[in-house]
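*Asks:* I am sharing model.csv, which consists of CSV, C-alpha atoms:
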```csv
chain,number,residue,atom,x,y,z
N,1,MET,CA,39.1,74.3,-23.1
N,2,ASN,CA,41.7,73.5,-25.8
N,3,PRO,CA,39.9,71.4,-28.5
N,4,LYS,CA,42.8,68.9,-28.5
N,5,ILE,CA,42.5,68.4,-24.7
N,6,ARG,CA,38.8,68.3,-25.0
N,7,LYS,CA,39.1,65.5,-27.6
N,8,LEU,CA,41.5,63.6,-25.4
N,9,PHE,CA,39.1,64.1,-22.5
N,10,ILE,CA,36.2,62.6,-24.5
N,11,ILE,CA,38.3,59.7,-25.6
N,12,ALA,CA,39.5,59.0,-22.0
N,13,LEU,CA,35.9,59.2,-20.7
N,14,SER,CA,34.6,57.0,-23.5
N,15,LEU,CA,37.3,54.4,-22.8
N,16,ASN,CA,36.5,54.6,-19.1
N,17,ILE,CA,32.8,54.0,-19.8
N,18,LEU,CA,33.6,51.1,-22.2
N,19,PHE,CA,36.0,49.4,-19.8
N,20,VAL,CA,33.5,49.8,-16.9
N,21,ALA,CA,30.8,48.3,-19.1
N,22,GLY,CA,33.2,45.5,-20.1
N,23,TYR,CA,34.1,44.8,-16.5
N,24,ALA,CA,30.5,44.7,-15.4
N,25,PHE,CA,29.6,42.3,-18.2
N,26,VAL,CA,32.4,39.9,-17.4
N,27,PHE,CA,31.7,40.2,-13.6
N,28,ILE,CA,28.0,39.3,-14.2
N,29,GLN,CA,29.0,36.4,-16.4
N,30,VAL,CA,31.3,35.0,-13.7
N,31,LYS,CA,28.6,35.5,-11.1
N,32,HIS,CA,26.0,33.8,-13.3
N,33,LYS,CA,28.4,30.9,-14.2
N,34,THR,CA,29.3,30.4,-10.5
N,35,GLU,CA,25.6,30.3,-9.6
N,36,GLN,CA,24.9,27.9,-12.4
N,37,SER,CA,27.7,25.5,-11.5
N,38,ALA,CA,26.5,25.6,-7.8
N,39,LEU,CA,23.0,24.6,-9.0
N,40,SER,CA,24.5,21.9,-11.2
N,41,ILE,CA,26.5,20.5,-8.3
N,42,GLN,CA,23.3,20.5,-6.1
N,43,ALA,CA,21.5,18.7,-8.9
N,44,LEU,CA,24.4,16.3,-9.3
N,45,GLU,CA,24.4,15.5,-5.6
N,46,GLU,CA,20.7,14.7,-5.8
N,47,SER,CA,21.2,12.6,-8.9
N,48,VAL,CA,24.0,10.7,-7.3
N,49,SER,CA,21.9,10.1,-4.2
N,50,THR,CA,19.1,8.8,-6.5
N,51,GLU,CA,21.5,6.7,-8.4
N,52,LYS,CA,22.9,5.2,-5.1
N,53,ASN,CA,19.3,4.4,-4.0
N,54,LEU,CA,18.6,2.8,-7.3
N,55,GLN,CA,21.7,0.7,-7.2
N,56,PHE,CA,20.9,-0.3,-3.7
N,57,LEU,CA,17.4,-1.3,-4.8
N,58,LYS,CA,18.8,-3.1,-7.8
N,59,GLY,CA,21.2,-5.1,-5.5
N,60,LEU,CA,18.4,-5.7,-3.0
N,61,ILE,CA,16.1,-7.0,-5.7
N,62,LYS,CA,18.8,-9.3,-7.0
N,63,GLU,CA,19.7,-10.5,-3.5
N,64,THR,CA,16.1,-11.2,-2.5
N,65,GLU,CA,15.1,-13.2,-5.6
N,66,ASP,CA,14.3,-16.4,-3.6
N,67,GLU,CA,12.2,-14.5,-1.1
N,68,ARG,CA,10.4,-12.6,-3.8
N,69,GLU,CA,9.6,-15.9,-5.5
N,70,LYS,CA,8.2,-17.1,-2.2
N,71,ILE,CA,6.1,-14.0,-1.9
N,72,LYS,CA,4.8,-14.4,-5.5
N,73,SER,CA,3.8,-17.9,-4.7
N,74,TYR,CA,1.4,-16.5,-2.1
N,75,PHE,CA,-0.3,-14.5,-4.8
N,76,VAL,CA,-2.9,-15.8,-7.2
N,77,ASP,CA,-2.6,-14.5,-10.8
N,78,ASN,CA,-5.0,-14.9,-13.7
N,79,GLU,CA,-3.3,-18.2,-14.8
N,80,GLY,CA,-3.4,-19.5,-11.2
N,81,VAL,CA,-7.1,-19.1,-10.6
N,82,VAL,CA,-7.9,-22.6,-11.8
N,83,GLY,CA,-5.2,-24.1,-9.6
N,84,PHE,CA,-6.5,-22.0,-6.6
N,85,ILE,CA,-10.1,-23.3,-7.2
N,86,GLU,CA,-8.8,-26.9,-7.4
N,87,GLU,CA,-6.9,-26.3,-4.1
N,88,ILE,CA,-10.2,-25.1,-2.4
N,89,GLU,CA,-11.9,-28.2,-3.8
N,90,ARG,CA,-9.1,-30.4,-2.4
N,91,LEU,CA,-9.6,-28.8,1.0
N,92,GLY,CA,-13.3,-29.5,0.7
N,93,ASN,CA,-12.5,-33.2,0.1
N,94,ILE,CA,-10.1,-33.3,3.1
N,95,ALA,CA,-12.8,-31.8,5.3
N,96,ASP,CA,-15.3,-34.3,3.9
N,97,ILE,CA,-17.9,-31.9,2.9
N,98,PHE,CA,-19.9,-31.4,-0.3
N,99,LEU,CA,-18.5,-28.3,-2.0
N,100,GLU,CA,-19.8,-26.4,-5.0
N,101,LEU,CA,-18.3,-23.3,-6.5
N,102,LYS,CA,-21.2,-21.0,-7.3
N,103,ALA,CA,-19.4,-18.0,-8.8
N,104,VAL,CA,-16.0,-16.7,-9.4
N,105,GLY,CA,-15.0,-13.2,-10.5
N,106,ILE,CA,-12.5,-10.4,-10.2
N,107,GLU,CA,-13.5,-7.2,-8.3
N,108,GLY,CA,-11.9,-3.8,-7.9
N,109,ASP,CA,-9.7,-1.8,-10.2
N,110,ALA,CA,-6.2,-2.6,-11.4
N,111,GLY,CA,-4.5,-1.2,-8.3
N,112,ASP,CA,-6.7,-3.0,-5.8
N,113,ARG,CA,-8.0,-6.2,-7.3
N,114,ALA,CA,-9.3,-9.2,-5.5
N,115,LEU,CA,-10.5,-12.6,-6.6
N,116,ARG,CA,-14.0,-13.2,-5.4
N,117,LEU,CA,-15.5,-16.6,-4.9
N,118,THR,CA,-19.0,-17.8,-3.8
N,119,LEU,CA,-19.1,-21.2,-2.3
N,120,HIS,CA,-21.9,-23.5,-1.3
N,121,THR,CA,-21.2,-26.3,1.2
N,122,SER,CA,-23.0,-29.1,2.8
N,123,GLY,CA,-21.9,-31.3,5.7
N,124,THR,CA,-21.7,-31.6,9.4
N,125,PHE,CA,-21.0,-28.4,11.4
N,126,GLN,CA,-17.6,-29.7,12.6
N,127,ASN,CA,-16.5,-30.6,9.0
N,128,THR,CA,-17.7,-27.2,7.6
N,129,TYR,CA,-15.8,-25.4,10.4
N,130,TYR,CA,-12.7,-27.6,9.7
N,131,PHE,CA,-13.0,-26.6,6.0
N,132,LEU,CA,-13.2,-22.9,6.9
N,133,THR,CA,-10.2,-23.3,9.1
N,134,LEU,CA,-8.2,-25.0,6.4
N,135,VAL,CA,-9.1,-22.2,3.9
N,136,GLU,CA,-8.1,-19.5,6.3
N,137,HIS,CA,-4.8,-21.2,6.9
N,138,MET,CA,-3.9,-21.1,3.2
N,139,PRO,CA,-0.8,-19.1,2.6
N,140,HIS,CA,-2.8,-16.6,0.5
N,141,LYS,CA,-4.2,-13.5,2.1
N,142,LEU,CA,-8.0,-14.0,2.0
N,143,GLU,CA,-11.1,-13.4,4.0
N,144,PHE,CA,-14.7,-14.4,4.1
N,145,THR,CA,-16.8,-11.3,3.4
N,146,GLY,CA,-20.1,-13.1,3.9
N,147,ALA,CA,-21.2,-16.3,5.5
N,148,GLY,CA,-24.5,-18.0,6.0
N,149,MET,CA,-24.7,-21.4,7.7
N,150,ALA,CA,-28.0,-23.1,8.6
N,151,ARG,CA,-28.9,-26.5,10.0
N,152,LEU,CA,-31.5,-28.4,8.1
N,153,PRO,CA,-34.2,-29.4,10.6
N,154,GLN,CA,-34.8,-32.9,9.2
N,155,SER,CA,-31.3,-34.2,8.4
N,156,GLY,CA,-29.2,-32.0,10.8
N,157,VAL,CA,-26.9,-31.3,7.9
N,158,TRP,CA,-25.4,-27.8,7.8
N,159,GLU,CA,-25.8,-25.9,4.5
N,160,GLY,CA,-23.4,-23.1,4.0
N,161,ASN,CA,-23.0,-20.2,1.6
N,162,PHE,CA,-19.8,-18.3,1.7
N,163,GLU,CA,-18.4,-15.2,-0.1
N,164,MET,CA,-14.7,-15.1,-0.1
N,165,SER,CA,-12.2,-12.5,-1.3
N,166,VAL,CA,-8.6,-13.4,-2.2
N,167,LEU,CA,-6.7,-10.2,-1.3
N,168,SER,CA,-3.4,-11.5,-2.5
N,169,PHE,CA,-4.5,-11.5,-6.1
N,170,SER,CA,-1.7,-10.4,-8.5
N,171,LYS,CA,-2.1,-6.9,-10.0
N,172,LYS,CA,-0.6,-8.1,-13.3
M,1,MET,CA,42.7,63.9,-17.6
M,2,VAL,CA,45.5,61.9,-16.2
M,3,CYS,CA,43.2,60.5,-13.6
M,4,LEU,CA,40.8,59.3,-16.3
M,5,PHE,CA,43.5,57.5,-18.2
M,6,MET,CA,44.8,56.0,-15.0
M,7,SER,CA,41.4,54.8,-14.0
M,8,SER,CA,41.1,53.3,-17.5
M,9,TRP,CA,44.2,51.3,-17.0
M,10,LEU,CA,43.1,50.3,-13.6
M,11,ILE,CA,39.8,48.9,-15.0
M,12,VAL,CA,41.7,47.1,-17.8
M,13,PHE,CA,44.0,45.6,-15.2
M,14,SER,CA,41.0,44.5,-13.1
M,15,LEU,CA,39.4,43.0,-16.2
M,16,ILE,CA,42.5,41.0,-16.9
M,17,LEU,CA,42.5,39.7,-13.3
M,18,LEU,CA,38.9,38.7,-13.8
M,19,VAL,CA,39.6,36.6,-16.9
M,20,PRO,CA,41.0,33.5,-14.9
M,21,SER,CA,37.9,33.5,-12.7
M,22,PHE,CA,35.7,33.7,-15.8
M,23,LEU,CA,37.6,30.7,-17.4
M,24,VAL,CA,37.4,28.7,-14.2
M,25,ALA,CA,33.7,29.4,-13.8
M,26,SER,CA,33.1,28.4,-17.4
M,27,VAL,CA,34.9,25.1,-17.2
M,28,LYS,CA,33.3,24.3,-13.8
M,29,GLU,CA,29.8,25.0,-15.2
M,30,GLU,CA,30.4,23.0,-18.3
M,31,SER,CA,31.9,20.0,-16.5
M,32,SER,CA,29.2,19.9,-13.8
M,33,ALA,CA,26.4,20.1,-16.4
M,34,GLU,CA,28.0,17.2,-18.3
M,35,ARG,CA,28.3,15.1,-15.1
M,36,VAL,CA,24.6,15.8,-14.2
M,37,GLU,CA,23.7,14.7,-17.7
M,38,VAL,CA,25.7,11.4,-17.4
M,39,VAL,CA,24.1,10.6,-13.9
M,40,LYS,CA,20.6,11.6,-15.1
M,41,LYS,CA,21.1,9.3,-18.1
M,42,SER,CA,22.2,6.5,-15.8
M,43,ASN,CA,19.2,7.1,-13.5
M,44,LYS,CA,16.9,7.2,-16.5
M,45,MET,CA,18.2,3.8,-17.7
M,46,ALA,CA,17.7,2.3,-14.2
M,47,ALA,CA,14.1,3.8,-14.2
M,48,GLU,CA,13.5,2.3,-17.6
M,49,GLU,CA,14.5,-1.1,-16.2
M,50,GLY,CA,11.5,-0.7,-13.9
M,51,ILE,CA,13.5,-1.0,-10.7
M,52,GLN,CA,11.4,1.6,-8.8
M,53,GLU,CA,8.2,0.1,-10.1
M,54,GLU,CA,9.3,-3.4,-9.1
M,55,ALA,CA,10.4,-2.3,-5.7
M,56,GLN,CA,7.0,-0.5,-5.2
M,57,MET,CA,5.2,-3.7,-6.4
M,58,ILE,CA,7.2,-5.8,-3.9
M,59,SER,CA,6.4,-3.4,-1.1
M,60,ASP,CA,2.7,-3.4,-2.0
M,61,GLU,CA,2.7,-7.2,-2.0
M,62,VAL,CA,4.4,-7.5,1.3
M,63,ASN,CA,2.0,-4.9,2.8
M,64,ILE,CA,-1.0,-7.1,1.6
M,65,LEU,CA,0.5,-10.2,3.2
M,66,LEU,CA,1.4,-8.5,6.4
M,67,ASP,CA,-2.0,-6.8,6.8
M,68,GLN,CA,-3.4,-7.9,10.1
M,69,ASN,CA,-6.7,-6.3,9.6
M,70,VAL,CA,-8.3,-9.3,7.9
M,71,PHE,CA,-11.5,-10.8,9.1
M,72,VAL,CA,-11.2,-14.3,10.5
M,73,LEU,CA,-14.3,-16.5,10.5
M,74,ALA,CA,-13.3,-19.9,11.9
M,75,GLU,CA,-10.4,-20.7,14.2
M,76,GLY,CA,-9.9,-17.8,16.6
M,77,GLY,CA,-12.5,-15.8,14.6
M,78,LEU,CA,-16.1,-15.0,14.7
M,79,ILE,CA,-17.6,-18.5,15.0
M,80,GLU,CA,-15.2,-19.6,17.7
M,81,ARG,CA,-15.8,-16.5,19.7
M,82,MET,CA,-19.6,-16.8,19.4
M,83,LEU,CA,-19.9,-20.5,20.1
M,84,GLY,CA,-16.6,-21.4,21.8
M,85,SER,CA,-18.1,-21.0,25.3
M,86,LYS,CA,-21.8,-21.4,24.7
M,87,PRO,CA,-23.7,-23.0,27.6
M,88,VAL,CA,-24.9,-26.6,27.1
M,89,GLY,CA,-28.6,-25.8,26.8
M,90,ILE,CA,-28.0,-23.5,23.7
M,91,HIS,CA,-28.6,-25.1,20.3
M,92,ILE,CA,-27.6,-23.1,17.3
M,93,ASP,CA,-29.6,-23.4,14.0
M,94,SER,CA,-28.0,-20.7,11.9
M,95,ILE,CA,-25.2,-18.2,11.7
M,96,PHE,CA,-25.1,-15.2,9.3
M,97,TYR,CA,-22.4,-12.7,8.8
M,98,LYS,CA,-22.0,-9.9,6.3
M,99,LYS,CA,-18.8,-7.9,6.3
M,100,ASP,CA,-20.5,-4.8,4.8
M,101,ASP,CA,-23.2,-4.8,7.5
M,102,GLY,CA,-20.6,-5.3,10.2
M,103,SER,CA,-23.0,-7.5,12.1
M,104,SER,CA,-23.7,-11.1,12.7
M,105,VAL,CA,-27.0,-12.9,13.4
M,106,LEU,CA,-27.3,-16.0,15.5
M,107,ARG,CA,-30.5,-18.1,15.5
M,108,GLY,CA,-31.2,-21.1,17.7
M,109,LEU,CA,-33.1,-22.7,20.6
M,110,SER,CA,-32.4,-22.4,24.3
M,111,ASP,CA,-33.5,-25.0,26.8
M,112,ASP,CA,-34.7,-22.3,29.2
M,113,ARG,CA,-34.6,-18.5,29.8
M,114,ASP,CA,-31.7,-18.6,32.3
M,115,THR,CA,-29.5,-20.4,29.9
M,116,LEU,CA,-30.3,-17.9,27.2
M,117,LEU,CA,-29.5,-15.0,29.5
M,118,GLU,CA,-26.3,-16.7,30.6
M,119,PHE,CA,-25.3,-17.0,26.9
M,120,ILE,CA,-26.1,-13.3,26.3
M,121,LYS,CA,-23.9,-12.4,29.3
M,122,ILE,CA,-21.0,-14.5,27.8
M,123,LEU,CA,-21.4,-12.8,24.4
M,124,GLU,CA,-21.5,-9.4,26.1
M,125,GLY,CA,-18.1,-10.2,27.7
M,126,LYS,CA,-16.5,-10.9,24.4
M,127,LYS,CA,-14.0,-8.4,22.9
M,128,ASP,CA,-15.1,-6.9,19.6
M,129,PHE,CA,-18.8,-7.7,20.2
M,130,TYR,CA,-20.1,-4.2,20.7
M,131,ASN,CA,-23.9,-4.5,20.9
M,132,ILE,CA,-25.7,-7.7,21.6
M,133,ASP,CA,-29.3,-7.4,20.6
M,134,LEU,CA,-31.9,-9.9,21.9
M,135,PRO,CA,-35.5,-8.9,21.2
M,136,ILE,CA,-37.5,-8.9,24.5
M,137,SER,CA,-40.2,-11.1,22.8
M,138,ASN,CA,-37.6,-13.9,22.8
M,139,LEU,CA,-37.9,-14.0,26.6
M,140,VAL,CA,-41.7,-14.5,26.8
M,141,LYS,CA,-41.5,-18.2,27.0
M,142,ASP,CA,-39.8,-19.9,29.9
M,143,LYS,CA,-38.6,-23.1,28.1
M,144,ASP,CA,-37.6,-24.1,24.6
M,145,ILE,CA,-37.1,-20.5,23.5
M,146,GLU,CA,-36.4,-19.8,19.9
M,147,PHE,CA,-34.0,-16.8,19.8
M,148,THR,CA,-32.4,-14.4,17.3
M,149,ILE,CA,-29.4,-12.5,18.5
M,150,LYS,CA,-27.9,-9.7,16.5
M,151,ILE,CA,-24.2,-8.9,17.3
M,152,ASP,CA,-22.6,-5.6,16.1
M,153,LEU,CA,-19.0,-6.2,15.2
M,154,HIS,CA,-18.2,-2.5,14.7
M,155,ASP,CA,-18.1,0.0,17.5
M,156,GLU,CA,-20.8,2.4,16.5
M,157,SER,CA,-19.9,4.9,19.2
M,158,LYS,CA,-16.6,5.5,17.4
M,159,ASN,CA,-18.4,6.6,14.2
```
For the file at hand, write its structure as structure tokens.
*Replies:*
Amino acid sequence: MNPKIRKLFIIALSLNILFVAGYAFVFIQVKHKTEQSALSIQALEESVSTEKNLQFLKGLIKETEDEREKIKSYFVDNEGVVGFIEEIERLGNIADIFLELKAVGIEGDAGDRALRLTLHTSGTFQNTYYFLTLVEHMPHKLEFTGAGMARLPQSGVWEGNFEMSVLSFSKK
Amino acid sequence: MVCLFMSSWLIVFSLILLVPSFLVASVKEESSAERVEVVKKSNKMAAEEGIQEEAQMISDEVNILLDQNVFVLAEGGLIERMLGSKPVGIHIDSIFYKKDDGSSVLRGLSDDRDTLLEFIKILEGKKDFYNIDLPISNLVKDKDIEFTIKIDLHDESKN
């Protein structure tokens, strides 16, 4: 082969290889960018959906302020323990029984706390039953986890010991 | 040789045609990434405001208040179901209940054996009273019978 033609052939071949490499590079870049933007659009859609949910929640929280206040009033928090005890004592007076608070404490961990009270009562069976009914009709969520009622043989007075858990005890 | 040069030109031409696609893809990628960042920042701000935590807390509080699985002792509860329809000749002296044990104990005095058996039958017919246990020794006497009745409040057969 003529050296000049050979040289031209090598140049043409090199150019071809160079251009093919360049084309492949740009093609891969376009493909990569297209995939990336598709992923970004997907992430964007998810983020927009999350944002919409958050805005909805924000609106809902704002709209239901009165209802939430009402719900909060059904919960006893640390500051409200004394008021709650006084309310129990008031119910004892209404039911006309002798009432003594034996113990009060908080049980459970932060996620599942309950206020625990131990009460001692003394009175007629009807009045003690009335007291229990009044307590169970309080707006707070509570339950008696233990109860012991016994009639004293001489006087006929009913002595009671009750363990009570206030489930609607604020987590804060 | 000519073919090689022609193919070179063809590739260059294709490359030129690919440039607009490259530019469009670059712009698209950049703008969508920016928009994702903006929305993520907005979501982060909302999260920082504690909206999700507050919503979760409200949901938890409502669930606590709506929970129907709470034990009732007095009206409509254990005591009413135990004593609401007791026969006249049954005199109750004590009532004990412990949630952890899932049982209740009733002590008292029955005027006679038939009244006590009638009372047991009434208790056995009550919903949620699964096992009424009256020791046989309680039935030795015919009159003025001191009794102790143990009532299971959990269905042991389901365990």
*Asks:* Set the cut-off to 7 Å and count all atoms listed in the file: what are the residues of chain M that reach chain N? Output as an NGL selection string.
*Replies:* :M and (1 or 4-5 or 8 or 11-12 or 15 or 21-22 or 25-26 or 28-29 or 32-33 or 36 or 39-40 or 43 or 46 or 51 or 64-65 or 70-75 or 93-99)
*Asks:* To one decimal place in Å, what is the distance between CA of Ser31 (chain M) and CA of Lys44 (chain M)?
*Replies:* 19.7 Å
*Asks:* Choose the residue, out of M:Ile122, M:Val2, M:Leu17, M:Ala55, that has the smallest atom-to-atom separation from Ser85 (chain M); count only C-alpha atoms.
*Replies:*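 Nearest candidate to Ser85 (chain M) out of M:Ile122, M:Val2, M:Leu17, M:Ala55: M:Ile122.
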*Asks:* Write out as a list in words which residues come within 10 Å of region 84-87 of chain N when counting all atoms listed in the file, dropping same-chain ones fewer than 6 positions away.
*Replies:* Phe75, Val76, Asp77, Asn93, Leu101, Val104, Leu117, Val135, Met138, His140 and Val166 of chain N
*Asks:* Here is a test: counting all atoms listed in the file, which residue of N:Gly105, N:Leu115, N:Asn127, N:Glu69 is nearest to Gly92 (chain N)?
*Replies:*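 For Gly92 (chain N), the nearest of the given residues is N:Asn127.
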*Asks:* Could you list, as a PyMOL selection string, every residue within 12 Å of Asp112 (chain M), counting only C-alpha atoms and ignoring same-chain residues fewer than 4 positions away?
*Replies:* chain M and resi 87-91+116-119+138-147
*Asks:* Do a neighbour search on Met82 (chain M) at 10 Å with all atoms listed in the file, toss out local chain neighbours closer than 4 positions, and write the hits as a ChimeraX atom specification.
*Replies:* /M:77-78,86,95,104,106,119,122-123,126,129,151
